[in-house]
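Colleague: Before we start, here is the structure in question, set down as structure tokens.
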Amino acid sequence: APHAAAVRSLDWSADSQLLQSSCTAMLLAWWDVHNGGERVLDAVQVADVEWATWSSPIGWPVAGILSQLSDGTDVHAVSRSRSGRLLVSADEFGKVNLFSHPTSVEGSACRVGIAHAGHVGGVAWACDDARVYTIGAADTCVMQWRVAHAGRAEHADEGGYDSRRG
């Protein structure tokens, strides 16, 4: 088994042939589900794979979510929009970050929103990519974020975010 630490994300390839997993030790692994779940050892084999989802905080298309001061363990949740054009990450410091996707340059520019008291435990896109939902791990609040036309996340209390506690 390649993961010695807790698995934090699972993503399917668009053709459902491969499964991608990442763990809290920042290891990314791939599995050929139609070949008995055999692990794919060569990253070159998956370099051009189209992924149906992306929730891993590590990998080439999301390298830009990390800053020079981050080792990646402070990023708690990641989700790519269904269109594949945007990516949202949530971190240890209560920040919700909206990026263009792919974002392969470390320290890429992003739109930052803060609404949670403490770290954010999860993020998810609405079916139409018009909203993002986040859940605070410490405050247990669910927030709803409207994504403006230019790809900016806005908060209702700050001229555009539609945040609701659930």
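Going by the structure tokens order, chains are called A, B, ..., each with residues numbered from 1, while ligands are numbered from 1 in the order shown.
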Run DSSP on the backbone and tell me which residues of segment 8-152 of chain A come out as strand (DSSP E or B); list them as a PyMOL selection string.
Modeller: chain A and resi 8-13+18-23+28-32+38-40+51+75-80+86-91+95-100+111-114+120-125+131-136+142-147
Colleague: Near Val7 of chain A, counting only C-alpha atoms, which residues have an atom at most 10 Å away, once you skip same-chain residues fewer than 3 positions from it, shown as a PyMOL selection string?
Modeller: chain A and resi 3-4+10+21-28
Colleague: Output as a tab-separated table one row per residue of segment 10-62 of chain A within 6 Å of segment 72-83 of chain A: the closest atom pair and its distance in Å to one decimal place, counting only C-alpha atoms, sorted by chain and residue number ascending.
Modeller:
```
residue	atom	partner	partner_atom	distance
A:Trp54	CA	A:Arg80	CA	5.4
A:Ser55	CA	A:Ser79	CA	4.7
A:Pro57	CA	A:Val78	CA	5.9
```
Colleague: Restrict the selected residues to C-alpha atoms and save them as a CSV table (one decimal), in the first residue's frame.
Modeller:
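What follows is the written file out-v8.csv:
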```
chain,number,residue,atom,x,y,z
A,54,TRP,CA,-9.9,17.0,-9.0
A,55,SER,CA,-9.8,17.2,-5.2
A,57,PRO,CA,-4.0,19.5,-3.1
```
Colleague: Residues at most 12 Å from Gly36 of chain A, counting only C-alpha atoms, excluding those fewer than 3 positions away in the same chain, as a ChimeraX atom specification?
Modeller: /A:17-19,31-33,39-40
Colleague: How would the residues just chosen look if you wrote them out with C-alpha atoms as a CSV table (one decimal), in the first residue's frame?
Modeller:
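And here's again-v4.csv as it stands now:
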```csv
chain,number,residue,atom,x,y,z
A,17,GLN,CA,-10.3,3.7,-16.0
A,18,LEU,CA,-8.1,5.2,-13.3
A,19,LEU,CA,-8.5,6.4,-9.7
A,31,TRP,CA,-4.8,3.0,-9.6
A,32,ASP,CA,-5.9,1.0,-12.7
A,33,VAL,CA,-9.4,0.0,-11.6
A,39,ARG,CA,-1.1,0.7,-8.8
A,40,VAL,CA,0.3,2.7,-11.7
```
Colleague: Would you compute the distance between atom CA of Gly113 of chain A and atom CA of Trp60 of chain A? Give it in Å to one decimal.
Modeller: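 So the two atoms, atom CA of Gly113 of chain A and atom CA of Trp60 of chain A, lie 23.9 Å apart.
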Colleague: Could you check how far atom CA of Leu87 of chain A sits from atom CA of Ala47 of chain A, in Å to one decimal?
Modeller: 19.0 Å
Colleague: Mind pulling up the distance from atom CA of Ser56 of chain A to atom CA of Leu86 of chain A?
Modeller: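 Atom CA of Ser56 of chain A lies 14.1 Å from atom CA of Leu86 of chain A.
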